[in-house]
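Colleague: Structure: model.txt, compact mmCIF, C-alpha atoms.
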```
# COMPACT_ATOMS: atom_id res chain seq x y z
CA MET A 149 -11.70 13.65 -9.11
CA THR A 150 -13.47 12.67 -5.91
CA THR A 151 -14.96 15.00 -3.30
CA ALA A 152 -15.82 13.52 0.08
CA PHE A 153 -17.78 14.93 3.01
CA TRP A 154 -17.67 13.31 6.42
CA ASP A 155 -18.04 13.86 10.13
CA THR A 156 -16.94 11.96 13.23
CA GLN A 157 -19.55 9.26 12.57
CA GLY A 158 -18.46 8.45 9.04
CA ILE A 159 -18.70 9.50 5.41
CA PHE A 160 -21.81 11.42 4.31
CA LEU A 161 -21.27 11.74 0.59
CA VAL A 162 -18.70 10.85 -2.06
CA ASP A 163 -19.14 12.84 -5.26
CA PHE A 164 -17.33 12.06 -8.51
CA LEU A 165 -16.34 14.54 -11.19
CA SER A 166 -16.51 13.20 -14.72
CA ARG A 167 -13.33 13.09 -16.77
CA GLY A 168 -12.72 16.35 -18.60
CA GLU A 169 -14.79 18.46 -16.18
CA THR A 170 -13.42 20.98 -13.70
CA VAL A 171 -14.65 22.17 -10.32
CA ASN A 172 -16.40 25.53 -10.48
CA SER A 173 -19.11 27.28 -8.50
CA ASP A 174 -21.93 25.53 -10.35
CA SER A 175 -20.55 22.03 -9.86
CA TYR A 176 -19.70 22.70 -6.21
CA ILE A 177 -23.18 24.07 -5.52
CA ASP A 178 -24.71 20.95 -7.09
CA THR A 179 -22.51 18.85 -4.82
CA LEU A 180 -23.60 20.83 -1.75
CA LYS A 181 -27.25 20.30 -2.69
CA ARG A 182 -26.69 16.55 -2.85
CA LEU A 183 -24.90 16.76 0.49
CA ARG A 184 -27.86 18.57 2.05
CA ALA A 185 -30.29 15.96 0.69
CA ARG A 186 -28.09 13.21 2.08
CA ILE A 187 -27.93 14.85 5.52
CA LEU A 188 -31.72 15.24 5.61
CA ARG A 189 -32.17 11.53 4.84
CA ALA A 190 -29.38 10.17 7.02
CA ARG A 191 -29.82 12.56 9.97
CA PRO A 192 -33.46 13.71 9.95
CA ASP A 193 -33.18 14.91 13.55
CA MET A 194 -30.22 17.17 12.85
CA ASP A 195 -30.95 20.89 12.97
CA SER A 196 -29.53 22.81 10.00
CA GLU A 197 -28.16 25.40 12.38
CA ASN A 198 -25.94 22.71 13.89
CA VAL A 199 -24.19 21.97 10.57
CA LEU A 200 -20.65 23.35 10.57
CA LEU A 201 -19.06 23.08 7.12
CA LEU A 202 -15.28 23.02 7.00
CA HIS A 203 -13.73 23.40 3.57
CA ASP A 204 -10.70 25.15 2.16
CA ASN A 205 -10.78 28.56 0.52
CA ALA A 206 -10.54 27.46 -3.09
CA ARG A 207 -12.32 29.88 -5.41
CA PRO A 208 -15.42 27.70 -6.05
CA ASN A 209 -15.87 27.34 -2.27
CA THR A 210 -15.71 31.06 -1.51
CA SER A 211 -17.59 32.52 -4.47
CA THR A 212 -20.57 34.75 -3.80
CA ARG A 213 -23.04 32.24 -5.26
CA THR A 214 -21.62 29.43 -3.12
CA ARG A 215 -21.82 31.52 0.05
CA GLU A 216 -25.40 32.54 -0.76
CA THR A 217 -26.38 28.90 -1.31
CA ILE A 218 -24.84 27.83 1.99
CA ALA A 219 -26.68 30.67 3.72
CA THR A 220 -30.04 29.40 2.41
CA PHE A 221 -29.24 26.02 3.99
CA GLY A 222 -28.74 27.68 7.36
CA TRP A 223 -25.26 26.19 7.67
CA THR A 224 -22.31 27.77 9.40
CA THR A 225 -19.03 27.85 7.48
CA LEU A 226 -15.74 27.78 9.31
CA ARG A 227 -13.90 30.67 7.71
CA LEU A 228 -10.28 30.94 8.79
CA PRO A 229 -7.48 32.82 7.00
CA HIS A 230 -5.60 29.76 5.79
CA PRO A 231 -4.22 28.80 2.37
CA SER A 232 -5.88 26.22 0.14
CA TYR A 233 -4.26 23.49 2.18
CA SER A 234 -2.88 23.92 5.67
CA PRO A 235 -2.54 22.17 9.05
CA VAL A 236 -6.00 23.54 9.90
CA LEU A 237 -7.43 20.67 7.84
CA ALA A 238 -5.11 18.02 9.30
CA PRO A 239 -7.52 16.70 12.01
CA SER A 240 -10.23 16.23 9.40
CA ASP A 241 -7.85 14.52 7.00
CA PHE A 242 -6.67 12.20 9.76
CA ASN A 243 -10.26 11.16 10.40
CA LEU A 244 -10.78 10.26 6.74
CA PHE A 245 -7.41 8.71 5.93
CA GLY A 246 -7.32 6.43 8.96
CA SER A 247 -8.94 3.70 6.88
CA MET A 248 -5.88 3.71 4.60
CA LYS A 249 -4.10 1.65 7.27
CA GLN A 250 -6.00 -1.35 5.95
CA GLY A 251 -4.39 -1.04 2.53
CA MET A 252 -5.45 0.33 -0.79
CA VAL A 253 -9.17 -0.21 -1.36
CA PRO A 254 -10.68 1.22 -4.55
CA ASP A 255 -14.03 3.01 -4.54
CA TRP A 256 -16.82 0.51 -4.97
CA PHE A 257 -20.57 0.51 -5.31
CA CYS A 258 -23.37 -1.96 -4.94
CA VAL A 259 -24.80 -1.67 -8.44
CA THR A 260 -28.22 -2.28 -9.90
CA PRO A 261 -28.95 -4.15 -13.15
CA GLU A 262 -29.55 -0.92 -15.09
CA SER A 263 -26.02 0.35 -14.40
CA GLU A 264 -24.18 -2.96 -14.60
CA SER A 265 -23.28 -2.72 -18.30
CA LEU A 266 -22.20 0.94 -18.28
CA ASP A 267 -18.58 1.91 -18.87
CA GLU A 268 -16.79 3.85 -16.13
CA ARG A 269 -17.53 7.32 -17.54
CA SER A 270 -21.21 6.54 -18.06
CA PHE A 271 -21.43 4.91 -14.64
CA ILE A 272 -20.02 8.00 -12.91
CA GLN A 273 -22.58 10.15 -14.73
CA PHE A 274 -25.32 7.71 -13.74
CA ILE A 275 -24.55 7.85 -10.03
CA LYS A 276 -24.36 11.64 -10.17
CA ASN A 277 -27.83 11.85 -11.70
CA ASP A 278 -29.34 9.17 -9.46
CA SER A 279 -30.47 10.87 -6.25
CA PHE A 280 -30.13 7.61 -4.30
CA SER A 281 -26.74 6.57 -5.65
CA GLU A 282 -24.82 7.76 -2.59
CA GLU A 283 -26.74 5.29 -0.44
CA ARG A 284 -25.14 2.44 -2.36
CA TYR A 285 -21.58 3.72 -1.99
CA GLN A 286 -19.71 0.99 -0.11
CA GLU A 287 -23.00 -0.43 1.16
CA CYS A 288 -23.25 -4.18 1.63
CA PHE A 289 -27.04 -4.35 1.62
CA VAL A 290 -29.45 -3.24 -1.09
CA THR A 291 -32.18 -3.11 1.54
CA ASN A 292 -32.18 -3.85 5.24
CA SER A 293 -32.41 -7.59 4.57
CA SER A 294 -31.12 -8.08 1.01
CA GLN A 295 -27.35 -8.40 0.73
CA CYS A 296 -25.62 -6.93 -2.29
CA THR A 297 -24.21 -9.49 -4.73
CA ASN A 298 -23.09 -7.26 -7.59
CA PHE A 299 -20.27 -4.77 -7.08
CA ARG A 300 -18.66 -2.13 -9.26
CA PHE A 301 -15.10 -0.91 -8.59
CA LEU A 302 -13.74 2.40 -9.85
CA GLY A 303 -10.21 3.65 -10.34
CA PRO A 304 -7.16 3.04 -12.51
CA TYR A 305 -5.68 0.30 -10.32
CA MET A 306 -6.47 -3.40 -10.39
CA THR A 307 -6.03 -4.65 -6.82
CA VAL A 308 -6.64 -7.99 -5.13
CA THR A 309 -9.65 -6.34 -3.48
CA GLU A 310 -11.29 -5.98 -6.87
CA GLU A 311 -9.91 -9.26 -8.21
CA TRP A 312 -11.69 -11.37 -5.59
CA THR A 313 -14.27 -8.84 -4.31
CA LEU A 314 -12.77 -8.59 -0.83
CA VAL A 315 -15.50 -6.37 0.57
CA CYS A 316 -18.52 -6.86 2.83
CA ASP A 317 -18.53 -10.48 4.02
CA ARG A 318 -14.97 -10.89 2.69
CA ASN A 319 -13.68 -7.69 4.23
CA TRP A 320 -11.70 -9.67 6.80
CA VAL A 321 -9.57 -11.28 4.09
CA ARG A 322 -7.54 -8.10 3.42
CA SER A 323 -6.25 -7.78 6.97
CA THR A 324 -5.75 -11.55 7.14
CA LEU A 325 -3.48 -11.44 4.08
CA ILE A 326 -1.28 -8.89 5.84
CA SER A 327 -1.19 -11.01 9.01
CA VAL A 328 -0.30 -14.11 7.00
CA GLN A 329 2.61 -12.31 5.34
CA MET A 330 3.93 -10.96 8.66
CA THR A 331 3.69 -14.45 10.17
CA GLY A 332 5.75 -15.77 7.29
CA MET A 333 8.26 -12.98 7.83
CA LEU A 334 8.62 -13.92 11.51
CA LEU A 335 9.16 -17.60 10.75
CA GLY A 336 11.50 -16.72 7.89
CA CYS A 337 13.71 -14.77 10.28
CA LEU A 338 13.84 -17.63 12.78
CA VAL A 339 14.58 -20.34 10.22
CA ALA A 340 17.09 -18.31 8.19
CA GLY A 341 19.39 -17.80 11.14
CA GLN A 342 19.54 -21.52 11.84
CA LEU A 343 20.02 -22.43 8.18
CA GLY A 344 22.73 -19.81 7.79
CA ASP A 345 24.65 -21.26 10.72
CA GLN A 346 24.32 -24.75 9.30
CA PHE A 347 24.90 -24.31 5.57
CA GLY A 348 26.62 -20.95 5.21
CA ARG A 349 25.49 -17.35 4.79
CA ARG A 350 26.07 -17.11 1.04
CA ARG A 351 24.18 -20.27 0.11
CA VAL A 352 21.17 -19.55 2.29
CA LEU A 353 20.96 -15.89 1.26
CA ASN A 354 20.93 -16.79 -2.42
CA ALA A 355 18.46 -19.62 -1.81
CA TYR A 356 16.09 -17.19 -0.10
CA THR A 357 16.55 -14.67 -2.92
CA LEU A 358 15.78 -17.29 -5.55
CA GLY A 359 12.73 -18.50 -3.64
CA HIS A 360 11.52 -14.94 -3.14
CA ALA A 361 11.79 -14.28 -6.88
CA LEU A 362 10.00 -17.48 -7.90
CA VAL A 363 7.17 -17.05 -5.40
CA ASN A 364 6.56 -13.45 -6.51
CA ILE A 365 6.29 -14.63 -10.09
CA GLY A 366 4.02 -17.46 -8.99
CA ALA A 367 1.80 -15.03 -7.05
CA ALA A 368 1.00 -13.25 -10.31
CA PHE A 369 -0.72 -16.41 -11.58
CA THR A 370 -2.80 -17.30 -8.53
CA ASN A 371 -6.50 -17.77 -9.19
CA SER A 372 -7.92 -17.52 -5.66
CA TRP A 373 -7.28 -15.44 -2.59
CA GLN A 374 -6.53 -18.62 -0.61
CA LEU A 375 -3.67 -19.54 -2.95
CA PHE A 376 -2.58 -15.91 -2.98
CA ALA A 377 -2.41 -16.04 0.84
CA VAL A 378 -0.03 -19.01 0.58
CA THR A 379 2.26 -17.06 -1.74
CA ARG A 380 2.12 -14.04 0.58
CA PHE A 381 3.21 -16.26 3.47
CA LEU A 382 6.17 -17.50 1.44
CA ILE A 383 7.00 -13.98 0.27
CA GLY A 384 7.02 -12.86 3.90
CA ALA A 385 9.31 -15.76 4.78
CA GLY A 386 11.65 -14.72 1.97
CA ILE A 387 11.76 -11.12 3.17
CA GLY A 388 12.45 -12.22 6.74
CA GLY A 389 15.23 -14.56 5.68
CA ILE A 390 16.91 -12.04 3.40
CA ILE A 391 16.89 -9.33 6.08
CA THR A 392 18.23 -11.70 8.73
CA ILE A 393 21.22 -12.81 6.66
CA ALA A 394 21.97 -9.92 4.30
CA PHE A 395 22.73 -7.28 6.94
CA PRO A 396 25.32 -9.15 9.03
CA TYR A 397 26.72 -10.86 5.94
CA GLY A 398 27.31 -7.56 4.16
CA LEU A 399 28.67 -5.73 7.19
CA GLU A 400 31.25 -8.46 7.71
CA PHE A 401 33.18 -7.34 4.62
CA LEU A 402 33.16 -3.61 5.41
CA PRO A 403 35.76 -1.60 7.35
CA LEU A 404 34.73 -0.66 10.88
CA LYS A 405 34.29 3.02 10.02
CA TRP A 406 31.65 2.23 7.39
CA ARG A 407 29.61 -0.25 9.38
CA PRO A 408 27.54 2.25 11.44
CA PHE A 409 26.57 4.20 8.31
CA THR A 410 25.64 1.07 6.37
CA ALA A 411 23.72 -0.45 9.27
CA THR A 412 21.59 2.69 9.73
CA PHE A 413 21.08 3.58 6.07
CA PRO A 414 17.31 3.47 5.30
CA PHE A 415 17.44 0.71 2.72
CA TRP A 416 13.86 -0.26 3.57
CA GLY A 417 12.57 3.28 3.09
CA ALA A 418 14.46 3.64 -0.18
CA GLY A 419 13.00 0.35 -1.37
CA VAL A 420 9.48 1.48 -0.49
CA ALA A 421 10.01 4.70 -2.46
CA ILE A 422 11.20 2.75 -5.50
CA PHE A 423 8.33 0.30 -5.09
CA THR A 424 5.86 3.20 -5.14
CA GLY A 425 7.27 4.40 -8.45
CA VAL A 426 7.09 0.92 -9.95
CA ALA A 427 3.49 0.53 -8.75
CA TYR A 428 2.56 3.83 -10.40
CA PHE A 429 3.59 2.53 -13.81
CA LEU A 430 2.26 -0.99 -13.19
CA PRO A 431 -1.30 -0.47 -11.89
CA ASP A 432 -2.20 -4.17 -12.17
CA TRP A 433 -1.18 -6.18 -9.09
CA ARG A 434 -0.23 -9.21 -11.22
CA ASN A 435 2.25 -7.21 -13.30
CA LEU A 436 3.64 -5.72 -10.10
CA HIS A 437 4.39 -9.17 -8.68
CA LEU A 438 6.01 -10.20 -11.94
CA ALA A 439 8.23 -7.12 -11.86
CA LEU A 440 9.26 -7.74 -8.25
CA GLY A 441 10.15 -11.33 -9.05
CA ILE A 442 12.17 -10.44 -12.14
CA LEU A 443 14.03 -7.65 -10.32
CA ASN A 444 15.26 -10.21 -7.78
CA ILE A 445 16.89 -12.44 -10.38
CA PRO A 446 19.97 -10.23 -11.08
CA CYS A 447 20.80 -10.43 -7.36
CA LEU A 448 21.57 -14.12 -7.85
CA ILE A 449 24.78 -13.16 -9.67
CA GLY A 450 26.17 -12.69 -6.18
CA TYR A 451 26.28 -16.46 -5.73
CA TRP A 452 29.22 -16.63 -8.14
CA LYS A 453 30.74 -13.23 -7.36
CA THR A 454 30.65 -13.02 -3.57
CA PRO A 455 32.66 -15.17 -1.12
CA GLU A 456 31.35 -17.11 1.83
CA SER A 457 31.28 -15.51 5.26
CA ILE A 458 34.79 -15.48 6.72
CA ARG A 459 33.46 -15.86 10.24
CA TRP A 460 31.30 -18.83 9.23
CA LEU A 461 34.23 -20.53 7.47
CA ALA A 462 36.45 -20.03 10.50
CA ALA A 463 33.74 -21.26 12.91
CA LYS A 464 33.31 -24.40 10.82
CA GLY A 465 37.06 -25.11 10.90
CA LYS A 466 37.60 -24.19 7.24
CA LYS A 467 40.64 -22.09 8.00
CA ASP A 468 42.28 -22.42 4.57
CA GLU A 469 39.14 -21.25 2.75
CA ALA A 470 38.73 -18.32 5.13
CA GLU A 471 42.35 -17.31 4.65
CA ALA A 472 41.94 -17.54 0.87
CA VAL A 473 39.01 -15.11 1.05
CA LEU A 474 41.07 -12.70 3.13
CA GLN A 475 43.97 -12.99 0.71
CA LYS A 476 41.70 -12.12 -2.20
CA MET A 477 40.39 -9.09 -0.30
CA ALA A 478 43.94 -7.97 0.45
CA ASP A 479 44.97 -8.36 -3.19
CA THR A 480 41.92 -6.38 -4.36
CA ASN A 481 42.79 -3.52 -2.01
CA GLY A 482 46.50 -3.67 -2.83
CA LYS A 483 47.53 -4.46 0.73
CA PRO A 484 49.49 -7.35 2.23
CA LEU A 485 47.79 -9.93 4.41
CA PRO A 486 48.80 -9.55 8.08
CA PRO A 487 51.22 -12.31 9.17
CA HIS A 488 49.12 -13.29 12.19
CA THR A 489 45.92 -13.87 10.16
CA GLY A 490 45.96 -17.62 10.76
CA GLU A 491 46.13 -17.16 14.53
CA LEU A 492 43.21 -14.73 14.48
CA LEU A 493 41.07 -17.17 12.50
CA GLU A 494 41.69 -19.88 15.08
CA THR A 495 40.21 -17.66 17.81
CA VAL A 496 36.87 -17.22 16.03
```
Take the structure in this file and express it as structure tokens.
Modeller:
Amino acid sequence: MTTAFWDTQGIFLVDFLSRGETVNSDSYIDTLKRLRARILRARPDMDSENVLLLHDNARPNTSTRTRETIATFGWTTLRLPHPSYSPVLAPSDFNLFGSMKQGMVPDWFCVTPESESLDERSFIQFIKNDSFSEERYQECFVTNSSQCTNFRFLGPYMTVTEEWTLVCDRNWVRSTLISVQMTGMLLGCLVAGQLGDQFGRRRVLNAYTLGHALVNIGAAFTNSWQLFAVTRFLIGAGIGGIITIAFPYGLEFLPLKWRPFTATFPFWGAGVAIFTGVAYFLPDWRNLHLALGILNIPCLIGYWKTPESIRWLAAKGKKDEAEAVLQKMADTNGKPLPPHTGELLETV
């Protein structure tokens, strides 16, 4: 468990609770003492009477011993009649969670040689006992002039940030990877439309799906962030192409009454929800890419099971093939093909 304290200028202290421990009055008071020491070092000009502590009304926070300790600090506590979590805390949460827009970044420390070989549990205990450990939390410099070269990441997830140490002087890489993928998505949209008009919706859609699957699998084996950026560009292109073709291609075979519902159904949101569940069980980013690639492969069955776009066939002068597709649809639904079908196809 992690407890963070911050104000409008940034994070003051991040305190870690060792595995198997629980938050009680004693542990919370120890945390507050470390917070006070941090404030005195980071803001020596700050008057204790100007400290306004906002925390929820969990039992360790409101116990008599905790309130007495806070009183000795001279702090003011914002005491409002709200439940353990409520909209009262929303502005403070927004201030902290704004950094999440940049993507998932695990907790990291600039470590010293004496803590380098410790396992995660021992390391957490070490930084709790070291009175200066909070100064190295997400700090890029050991001193004012010496840049940190040894980092320690915490958490159950293996991300690309940890894989290639995308912090400090490489901090820009994370946002660049997102921009690269979105650029690929834009170009994928533009190219897919032209290819679909030239070679057919079904062929291009399945080609994009196959490419998307293979590149995701390939991304799992990249050994540098530069090569990973290339795969992210291609993945973005695949997403853009699939979206551009799949929606109009699928709607073409639906009755008019079902098209508005299908066009507005939140497929993207549903996919994100499923993706979140998959990521929970696959905490390593390489395994996650492998899973995404493999899950795309069954979609390729559609190449043999789905027909070509009727509108595209008619526009290309392939009237007989278009009429054959319509005949198959009519037979499947147990209805006769309208007698003027050929004339309608000629007007497309």
Colleague: Nearest to A:Ala385: which of A:Phe271, A:Phe369, A:Trp320, A:Tyr356 is it, counting all atoms listed in the file?
Modeller: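 Between A:Phe271, A:Phe369, A:Trp320, A:Tyr356, the residue approaching A:Ala385 most closely is A:Tyr356.
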Colleague: To one decimal in Å, tell me the separation between atom CA of A:Ala340 and atom CA of A:Leu382.
Modeller: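 Answer for the atom CA of A:Ala340 to atom CA of A:Leu382 separation: 12.9 Å.
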Colleague: Quote the spacing between atom CA of A:Thr412 and atom CA of A:Met333 in Å to one decimal place.
Modeller: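 These atoms are spaced 20.7 Å apart.
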Colleague: Edge lengths and centre in Å to one decimal, as JSON, is what I'm after for the box along x, y and z that holds all listed atoms of stretch 344-353 of chain A once 6 Å is added on each side.
Modeller:
```
{"center_x": 23.8, "center_y": -20.3, "center_z": 5.4, "size_x": 17.7, "size_y": 20.9, "size_z": 22.6}
```
Colleague: Could you give me, as a PyMOL selection string, the residues within 8 Å of A:His437, counting all atoms listed in the file and dropping anything in the same chain fewer than 3 positions from it?
Modeller: chain A and resi 364-365+367-368+433-434+440-441
Colleague: Could you check the closest approach to A:Thr307 for each of A:Leu436, A:Ala377, A:Ala463, A:Val420 and tell me which residue wins, using all atoms listed in the file?
Modeller: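 The shortest atom-to-atom distance to A:Thr307 comes from A:Leu436.
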Colleague: Considering all atoms listed in the file, return as a ChimeraX atom specification whatever protein or nucleic-acid residues lie within 12 Å of A:Leu492, sequence-local ones (same chain, fewer than 4 positions apart) excluded.
Modeller: /A:458-459,462-463,467,470-471,474,486-488,496
Colleague: Between A:Pro254, A:Gly398, A:Gly366, A:Pro403, which one has atoms that come closest to A:Arg380, using all atoms listed in the file?
Modeller: A:Gly366
Colleague: So which residues fall inside 7 Å of (-17.9, 15.7, -6.2) if we count all atoms listed in the file? Mind giving them as a VMD selection string?
Modeller: chain A and resid 150 to 152 162 to 165 179
Colleague: Between A:Pro484, A:Gly388, A:Pro192, A:Gly158, which is the closest to A:Val339 once you count only C-alpha atoms?
Modeller: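 For A:Val339, the nearest of the candidates is A:Gly388.
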Colleague: Rounded to one decimal in Å, what is the spacing between atom CA of A:Thr212 and atom CA of A:Lys181?
Modeller: 16.0 Å
Colleague: Extract, using only C-alpha atoms, all DNA, RNA and protein residues at most 7 Å from A:Asp255, discarding same-chain residues fewer than 6 positions from it, and format them as a VMD selection string.
Modeller: chain A and resid 301 to 303
Colleague: With C-alpha atoms kept, could you save the residues just selected as a short mmCIF file (atom, residue, chain, number, x, y, z; two decimals), in the frame of the given file?
Modeller:
```cif
data_model
loop_
_atom_site.label_atom_id
_atom_site.label_comp_id
_atom_site.auth_asym_id
_atom_site.auth_seq_id
_atom_site.Cartn_x
_atom_site.Cartn_y
_atom_site.Cartn_z
CA PHE A 301 -15.10 -0.91 -8.59
CA LEU A 302 -13.74 2.40 -9.85
CA GLY A 303 -10.21 3.65 -10.34
#
```
Colleague: Counting only C-alpha atoms, note down every residue that has an atom within 6 Å of the point (-22.7, 22.5, 9.1) (file coordinates), as a ChimeraX atom specification.
Modeller: /A:198-201,223-224
Colleague: Could you write out that same residue set with C-alpha atoms as a PDB file, in the coordinates of the input?
Modeller:
```
ATOM      1  CA  ASN A 198     -25.940  22.710  13.890  1.00  0.00           C
ATOM      2  CA  VAL A 199     -24.190  21.970  10.570  1.00  0.00           C
ATOM      3  CA  LEU A 200     -20.650  23.350  10.570  1.00  0.00           C
ATOM      4  CA  LEU A 201     -19.060  23.080   7.120  1.00  0.00           C
ATOM      5  CA  TRP A 223     -25.260  26.190   7.670  1.00  0.00           C
ATOM      6  CA  THR A 224     -22.310  27.770   9.400  1.00  0.00           C
TER       7      THR A 224
END
```
Colleague: For A:Ala361, which of A:Val259, A:Leu438, A:Ile177, A:Ala418 is the closest residue, counting all atoms listed in the file?
Modeller: A:Leu438
Colleague: Restricting the calculation to only C-alpha atoms, which member of A:Gly419, A:Gly384, A:Pro455, A:Pro446 is positioned closest to A:Glu400?
Modeller: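 Answer, going by the shortest atom-to-atom distance: A:Pro455.
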Colleague: Excluding A:Cys447 and residues on its chain fewer than 2 positions from it, collect all residues at most 10 Å away from it, counting all atoms listed in the file, and give them as a PyMOL selection string.
Modeller: chain A and resi 354+357-358+361+442-445+449-451
Colleague: Using only C-alpha atoms, which protein or nucleic acid residues come within 10 Å of A:Phe347? Drop anything in the same chain fewer than 4 positions from it, and give the result as a list of chain:residue names.
Modeller: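 After dropping sequence-adjacent residues, the list is A:Gln342, A:Leu343, A:Arg351, A:Val352, A:Trp460, A:Lys464.
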